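This report concerns only the one structure given below.
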Amino acid sequence: MQKYVLLLLFFLTNYAFPQSGSFSGKVFDLNSNATISDADVTILNTQFISKTNYSGEFLFENIPVGTYKVEVSHPGYTIFMSEVKINYKNNTSLTIKLTPNEIETGEIVVTSTRYESLIKDVPLPMEVVDDHQILRMSANTVSDVLNTKSGLTMTRDGIWATDISIRGLSRNNVVTLIDGNRIETANDLSARLSMIDVNDIDRIEIIKGGSSSLYGTGAFGGVINVFTENYGFENNNYVRGSFLTGYNSVNISGTGNLSLNAGSKFWFAKISGTLRNAQNTQTPQGELKNSQYYDDNVSGSLGFKPFSNQVLKLDYQRYDAKDVGIPGSSLFPTNAVVSYPEEKREMYSAEYKITDIFKSLKNVSLKYYYQTILRDVQNIPNQVVLKKASNGNLIQKVSVDDIVPIANHYTNGLQFQTDWMLGKYNNVIVGVDAWQRSLTSDRQKFQTIQKFDSTSGNLISSTAQITGEKPLPEADYRSIGSYAQDEIKLFNDKLKLNIGVRADQVKITNSTTLNPAYVIVNGVRNNTPAGQIVLWNASETNNVSWSSNIGALYSVFKDIDVTLNAARSFRVPSLEELYQFIDLGSFVRVGNPNLNPEKGYSDDLGLRVWKPTINFYGNIFLNSFTDLVVEKPGTFEGRPAYIKTNVGKALMFGYDFDFMYNFYKSLIIYGSLAYVRGEDTGNNLDLPQMPPLNGRLGLRAPLIKYLVVDLSSTLFNGQDKVAPGEVSTPGYATFDFRLNTSTLQYNFLKFQFFAGIENILDKSYRDHLASNRGLVTSEPGRNFYLKINMEF
């Protein structure tokens with residue numbers, strides 16, 4: 001009997017309970033021998049995935065006995081592959097040294113597809129900029145960062161106030177998100193991408209064109225999704241931090257950022273803060289007056305695992321800018337002094353996610369966010385209007401002393417999504433996405449009206465008058481959409497299909513708007529002043545529309561893919577396009593409540609090469625639009641105006657590509673080229689705000705063991721294909737020089753240094769997409785910069 005019991009115990013031990021072991025390791029930089037944190041470690045064809053901690057260490061436990069292939073990857077390094085054998089009750093340990101290499105091999109994980117995927121497996125035309133690339137730059141804003149990628153061109157209203165154009169479409173035609181949450185605000189003056197801390201970014205994902213149906217109205221020209229830094233959960237308890245400081249000579253600006261992180265298997269916490277201060281920017285033509293800014297940012301995250309497969313995540317962000325100069329924008333008179341006394345963005349979000357519910361239902365997530373944006377403008381127009389009698393004597397002097405618009409934007413959003421694995425080849429996501437933007441605004445114009453005796457010239461009276469106006473009515477913009485997307489894998493993963501569809505209802509309501517709303521004369525308010533008119537009547541509109549896309553990625557060879565995308569997209573005009581009345585002393589900018597929704601069809605053909613020594617990523621595209629919203633010059637109540645209108649039919653076509661080539665030892669040549677042409681085919685005119693042909697070419701090489709040098713040039717062709725009212729611009733070329741060290745380690749401290757010279761030749765040039773206001777006729781001049789990043 002005892003013999004049978006022993007045999008039974010042997011069977012239970014060896015077969016009923018699987019034999020397992022553990023696998024650990026440590027990852028180093030081959031050149032500097034510094035440990036590498038946040039490297040992705042994957043045991044292929046299993047569910048075992050992890051990241052290295054601050055000390056470069058990783059650990060997997062309870063791995064079934066056997067032989068496996070392990071992959072270790074990190075941006076800026078060659079992928080490491082090895083075979084490991086897991087023995088029963090033993091730990092297999094491995095020391096890994098990664099070789100620095102700038103060639104991208106498509107192993108970057110992206111989530112703008114609303115699920116995790118490697119970028120090389122996504123058929124959409126996408127770009128990714130990670131924190132390591134951002135560290136090398138002296139960027140002031142997110143737009144400065146994105147301006148280095150093909151098909152993306154910066155638009156500028158100032159040094160702080162910038163935005164981005166994607167293949168010729170910008171502002172209202174591009175959806176901007178931070179951590180998946182919409183940033184909804186006015187775009188007549190650029191601000192939304194400026195209200196994001198560039199020192200708190202993990203990566204930025206960009207979808208070019210209207211190829212995705214996941215985001216509904218507004219994703220007509222593309223999507224920009226900014227993800228903030230977050231270390232998340234780790235197998236071991238950790239506490240780590242980083243400190244970044246930087247300096248730019250072109251505007252005598254300083255930056256300081258401190259970030260602290262802690263966590264374990266069950267929780268994590270993060271807090272980050274940044275301070276920046278910049279004086280006026282120097283250009284080759286002299287000082288760009290009123291281009292200063294000061295800002296600060298605080299962000300925090302908390303994460304908990306109440307159960308092993310459930311996560312609660314809370315986020316908070318507060319960005320605050322003060323005394324921001326606006327040297328550009330055609331909204332203002334040439335001699336006006338305009339600034340943002342305060343620009344503030346505050347966001348709260350909470351997300352609950354359940355994973356691995358059962359075999360086919362992989363994830364369920366629910367997210368709510370609330371965001372407020374304050375836009376406070378001060379415009380000192382320096383305008384004086386004189387009226388004289390027939391004898392030439394002055395009889396009236398009207399001085400416009402100050403114009404003060406202020407607006408508050410409130411956005412509430414709710415997202416619910418389920419992820420399904422239907423069989424072996426279908427990854428399906430189904431979700432609901434709802435958000436509402438509410439707007440309140442006011443504008444006060446301060447005037448002094450003086451009257452004089454026509455004979456003697458003596459002052460008769462002086463009146464202080466405040467005219468209250470509504471730049472926009474009290475209004476709400478609500479979008480509710482449901483979407484579904486299926487990723488299908490065929491022919492042993494050689495062909496991947498991505499099919500998506502979305503339906504949306506957009507409801508817009510606004511109140512009656514009077515102009516002027518009131519007048520205050522010498523302290524006495526009159527709510528029914530002479531000349532008051534109804535500018536906009538109260539109304540409610542409902543728009544129902546749909547979007548869809550189909551994408552295909554075919555692996556011609558192991559490292560060469562061809563992509564094809566076709567999509568239908570739509571956009572319901574924004575509150576500003578429908579109802580704005582902007583009068584800041586120059587011409588007026590007027591909305592049009594009768595605008596039709598924009599509709600677009602896009603086609604995109606791409607080629608990708610992901611070889612260890614060469615990376616190529618190129619696309620050609622053709623977009624056709626109906627009822628594209630543009631501004632055209634006209635008159636409004638007898639004044640020069642720019643009025644929103646629909647273009648019956650429009651066409652945009654072009655190409656963009658990026659490449660990197662490791663042609664000899666560690667020498668890398670890289671470059672990009674982009675072209676877009678926009679035509680109003682109904683009226684045989686050029687579309688406005690089209691970037692000219694442009695490209696970049698650079699060489700990166702190690703100077704010594706720990707030092708990398710980078711020399712690059714940026715080239716823009718002249719642009720003479722301009723819309724009525726636009727100015728042609730000549731071509732130009734600029735040159736930049738950059739240095740960066742490898743990560744250097746001393747005890748528990750890691751250091752990295754960055755330095756460079758931008759616009760080496762101090763070239764005077766004008767960006768075509770910069771404001772056409774007279775003061776912004778030259779971009780920033782030569783800039784010396786230095787950055788130091790320390791981790792501990």
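Chain labels follow the order of the structure tokens: the first chain is A, the next B, and so on; residue numbering restarts at 1 in every chain, and ligands are counted from 1 in their shown order.
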Residues of region 473-502 of chain A that approach region 439-455 of chain A to 12 Å or less, counting only C-alpha atoms: could you list each one with the shortest pair of atoms and its distance in Å to one decimal, rows by chain and increasing residue number, as a Markdown table?
| residue | atom | partner | partner_atom | distance |
| --- | --- | --- | --- | --- |
| A:Pro473 | CA | A:Thr440 | CA | 7.2 |
| A:Glu474 | CA | A:Thr440 | CA | 5.2 |
| A:Ala475 | CA | A:Leu439 | CA | 5.5 |
| A:Asp476 | CA | A:Leu439 | CA | 6.5 |
| A:Tyr477 | CA | A:Leu439 | CA | 8.7 |
| A:Arg478 | CA | A:Leu439 | CA | 11.6 |
Could you write those residues out with all heavy atoms, as a compact mmCIF listing (two decimals), in the first residue's frame?
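Output (part.txt):
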# COMPACT_ATOMS: atom_id res chain seq x y z
N PRO A 473 -21.60 82.65 -28.59
CA PRO A 473 -22.74 82.50 -27.68
C PRO A 473 -22.46 81.42 -26.63
O PRO A 473 -21.53 80.63 -26.76
CB PRO A 473 -23.87 82.06 -28.63
CG PRO A 473 -23.17 81.40 -29.77
CD PRO A 473 -21.87 82.13 -29.94
N GLU A 474 -23.26 81.43 -25.58
CA GLU A 474 -23.23 80.29 -24.65
C GLU A 474 -23.67 79.08 -25.47
O GLU A 474 -24.75 79.07 -26.05
CB GLU A 474 -24.21 80.52 -23.50
CG GLU A 474 -24.05 81.87 -22.80
CD GLU A 474 -22.92 81.85 -21.79
OE1 GLU A 474 -22.77 80.84 -21.10
OE2 GLU A 474 -22.19 82.85 -21.72
N ALA A 475 -22.80 78.06 -25.52
CA ALA A 475 -23.07 76.97 -26.46
C ALA A 475 -22.54 75.64 -25.93
O ALA A 475 -21.60 75.60 -25.13
CB ALA A 475 -22.46 77.28 -27.82
N ASP A 476 -23.16 74.56 -26.42
CA ASP A 476 -22.72 73.19 -26.11
C ASP A 476 -22.55 72.42 -27.41
O ASP A 476 -23.36 72.57 -28.35
CB ASP A 476 -23.74 72.46 -25.23
CG ASP A 476 -23.88 73.08 -23.85
OD1 ASP A 476 -22.86 73.46 -23.27
OD2 ASP A 476 -25.02 73.19 -23.37
N TYR A 477 -21.52 71.58 -27.43
CA TYR A 477 -21.23 70.72 -28.58
C TYR A 477 -21.09 69.31 -28.03
O TYR A 477 -20.14 69.00 -27.31
CB TYR A 477 -19.93 71.19 -29.24
CG TYR A 477 -19.57 70.53 -30.55
CD1 TYR A 477 -19.59 71.26 -31.74
CD2 TYR A 477 -19.15 69.21 -30.62
CE1 TYR A 477 -19.21 70.69 -32.94
CE2 TYR A 477 -18.79 68.62 -31.82
CZ TYR A 477 -18.81 69.36 -32.98
OH TYR A 477 -18.44 68.79 -34.18
N ARG A 478 -22.07 68.44 -28.34
CA ARG A 478 -22.07 67.09 -27.78
C ARG A 478 -21.96 66.05 -28.88
O ARG A 478 -22.69 66.10 -29.88
CB ARG A 478 -23.37 66.84 -27.00
CG ARG A 478 -23.37 65.53 -26.21
CD ARG A 478 -24.76 65.21 -25.71
NE ARG A 478 -25.64 64.83 -26.82
CZ ARG A 478 -26.97 64.70 -26.69
NH1 ARG A 478 -27.55 64.95 -25.53
NH2 ARG A 478 -27.71 64.35 -27.73
Helix (DSSP H, G or I) positions in region 382-594 of chain A, given as JSON, numbers by chain:
{"A": [575, 576, 577, 578, 579]}
Those selected residues, please, written with N, CA, C and O atoms and delivered as a JSON list (two decimals), in the first residue's frame.
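Below is the file again-v3.json, written as the result:
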[["chain", "number", "residue", "atom", "x", "y", "z"],
["A", 575, "LEU", "N", -17.80, 75.04, -32.82],
["A", 575, "LEU", "CA", -18.57, 76.19, -32.34],
["A", 575, "LEU", "C", -18.02, 77.48, -32.91],
["A", 575, "LEU", "O", -18.78, 78.40, -33.27],
["A", 576, "GLU", "N", -16.69, 77.59, -32.99],
["A", 576, "GLU", "CA", -16.08, 78.82, -33.53],
["A", 576, "GLU", "C", -16.43, 79.01, -34.99],
["A", 576, "GLU", "O", -16.72, 80.13, -35.44],
["A", 577, "GLU", "N", -16.38, 77.95, -35.77],
["A", 577, "GLU", "CA", -16.70, 78.07, -37.19],
["A", 577, "GLU", "C", -18.16, 78.43, -37.42],
["A", 577, "GLU", "O", -18.49, 79.12, -38.40],
["A", 578, "LEU", "N", -19.03, 78.02, -36.52],
["A", 578, "LEU", "CA", -20.45, 78.30, -36.68],
["A", 578, "LEU", "C", -20.84, 79.69, -36.19],
["A", 578, "LEU", "O", -21.65, 80.38, -36.82],
["A", 579, "TYR", "N", -20.27, 80.11, -35.03],
["A", 579, "TYR", "CA", -20.86, 81.27, -34.34],
["A", 579, "TYR", "C", -19.88, 82.37, -33.93],
["A", 579, "TYR", "O", -20.30, 83.33, -33.30]]
Could you give me, as number ranges by chain, the residues within 8 Å of region 34-44 of chain A, counting only C-alpha atoms and dropping anything in the same chain fewer than 3 positions from it?
A: 26-29, 47-58, 68-74, 743-745, 750
Can you list, as a ChimeraX atom specification, all residues belonging to region 422-609 of chain A that DSSP tags as strand (DSSP E)?
/A:422,426-452,459-469,475-490,495-510,513-515,518-521,524-526,533-536,539-557,560-571,581-583,588-590,598-609
Would you kindly return, as a list in words, each protein, DNA or RNA residue with an atom no farther than 7 Å from any atom of Lys85 (chain A), considering only C-alpha atoms and excluding same-chain residues fewer than 2 positions away?
Gly66, Thr67, Tyr68, Glu83 and Asn87 of chain A
Limited to all heavy atoms, could you put the picked residues into a file as a compact mmCIF listing (two decimals), in the first residue's frame?
# COMPACT_ATOMS: atom_id res chain seq x y z
N GLY A 66 11.37 24.06 -20.02
CA GLY A 66 11.49 23.96 -21.46
C GLY A 66 12.53 24.92 -21.99
O GLY A 66 13.22 25.62 -21.24
N THR A 67 12.64 24.97 -23.31
CA THR A 67 13.58 25.87 -23.98
C THR A 67 12.79 26.96 -24.71
O THR A 67 11.83 26.65 -25.43
CB THR A 67 14.46 25.10 -24.96
OG1 THR A 67 15.18 24.07 -24.24
CG2 THR A 67 15.46 26.03 -25.63
N TYR A 68 13.21 28.20 -24.51
CA TYR A 68 12.46 29.35 -25.05
C TYR A 68 13.41 30.32 -25.74
O TYR A 68 14.62 30.34 -25.48
CB TYR A 68 11.73 30.09 -23.93
CG TYR A 68 10.74 29.27 -23.16
CD1 TYR A 68 11.13 28.55 -22.03
CD2 TYR A 68 9.40 29.22 -23.54
CE1 TYR A 68 10.22 27.79 -21.31
CE2 TYR A 68 8.47 28.47 -22.82
CZ TYR A 68 8.89 27.77 -21.71
OH TYR A 68 7.98 27.03 -21.00
N GLU A 83 18.45 32.18 -26.72
CA GLU A 83 17.71 30.99 -26.32
C GLU A 83 18.06 30.66 -24.87
O GLU A 83 19.24 30.67 -24.49
CB GLU A 83 18.08 29.82 -27.23
CG GLU A 83 17.17 28.61 -27.06
CD GLU A 83 17.47 27.53 -28.08
OE1 GLU A 83 18.33 26.67 -27.79
OE2 GLU A 83 16.85 27.56 -29.17
N ASN A 87 14.99 25.21 -16.14
CA ASN A 87 15.10 23.95 -15.43
C ASN A 87 14.20 23.94 -14.20
O ASN A 87 13.91 24.99 -13.60
CB ASN A 87 16.56 23.70 -15.00
CG ASN A 87 17.48 23.59 -16.20
OD1 ASN A 87 17.20 22.86 -17.14
ND2 ASN A 87 18.58 24.35 -16.18
Skipping near chain neighbours, those fewer than 3 positions away, what residues fall within 12 Å of Val377 (chain A) using only C-alpha atoms, listed as a PyMOL selection string?
chain A and resi 189+191+321-326+332+337-344+374+380+402-408+441-445+584
Minimum-distance residue to Ser569 (chain A), chosen among A:Asn615, A:Glu779, A:Gly209, A:Met690 (using only C-alpha atoms)
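The answer is A:Gly209, which sits nearest to Ser569 (chain A).
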Find, counting only C-alpha atoms, the residue in A:Gly671, A:Gly413, A:Gly457, A:Gly731 that gets nearest to Leu693 (chain A).
A:Gly731
Using only C-alpha atoms, find the one residue out of A:Gly25, A:Gly158, A:Gly695, A:Gly678 that sits nearest to Ile96 (chain A).
A:Gly25
Just the residues within 9 Å of Lys489 (chain A), please, counting only C-alpha atoms, with nothing from its chain fewer than 4 positions along; format it as a list in words.
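So, after excluding close chain neighbours, the residues are Lys424, Tyr425, Asn426, Asn427, Asp493, Lys494, Leu495, Lys496 and Leu497 of chain A.
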Using only C-alpha atoms, pick whichever of A:Asn261, A:Thr176, A:Asn187, A:Thr283 has the shortest atom-to-atom distance to Ile159 (chain A).
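Residue with the minimum atom-to-atom distance to Ile159 (chain A): A:Thr283.
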One decimal place gives the CA of Gln371 (chain A)-CA of Asp504 (chain A) separation as 21.6 Å
Selection near Val562 (chain A), 8 Å with only C-alpha atoms, sequence-local residues under 5 positions removed, as a list of chain:residue names:
A:Leu553, A:Tyr554, A:Ser555, A:Val556, A:Leu605, A:Gly606, A:Leu607, A:Arg608
Between region 438-479 of chain A and region 519-538 of chain A, at 7 Å or less, what are the per-residue closest atom pairs and their distances in Å? Count only C-alpha atoms, order by chain and rising residue number, and return it as a tab-separated table.
residue	atom	partner	partner_atom	distance
A:Thr463	CA	A:Asn522	CA	6.2
A:Ala464	CA	A:Asn522	CA	5.2
A:Gln465	CA	A:Val521	CA	4.6
A:Ile466	CA	A:Ile520	CA	4.9
A:Thr467	CA	A:Val519	CA	4.6
A:Gly468	CA	A:Val519	CA	6.0
From the list A:Gly216, A:Gly210, A:Gly263, A:Pro730, which residue is nearest Arg502 (chain A) when using only C-alpha atoms?
A:Gly216
Go through A:Asn251, A:Asn225, A:Gln292, A:Ser212 one by one, measure the shortest atom-to-atom distance of each to Trp160 (chain A) using only C-alpha atoms, and give the residue with the smallest value.
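Between A:Asn251, A:Asn225, A:Gln292, A:Ser212, the residue approaching Trp160 (chain A) most closely is A:Gln292.
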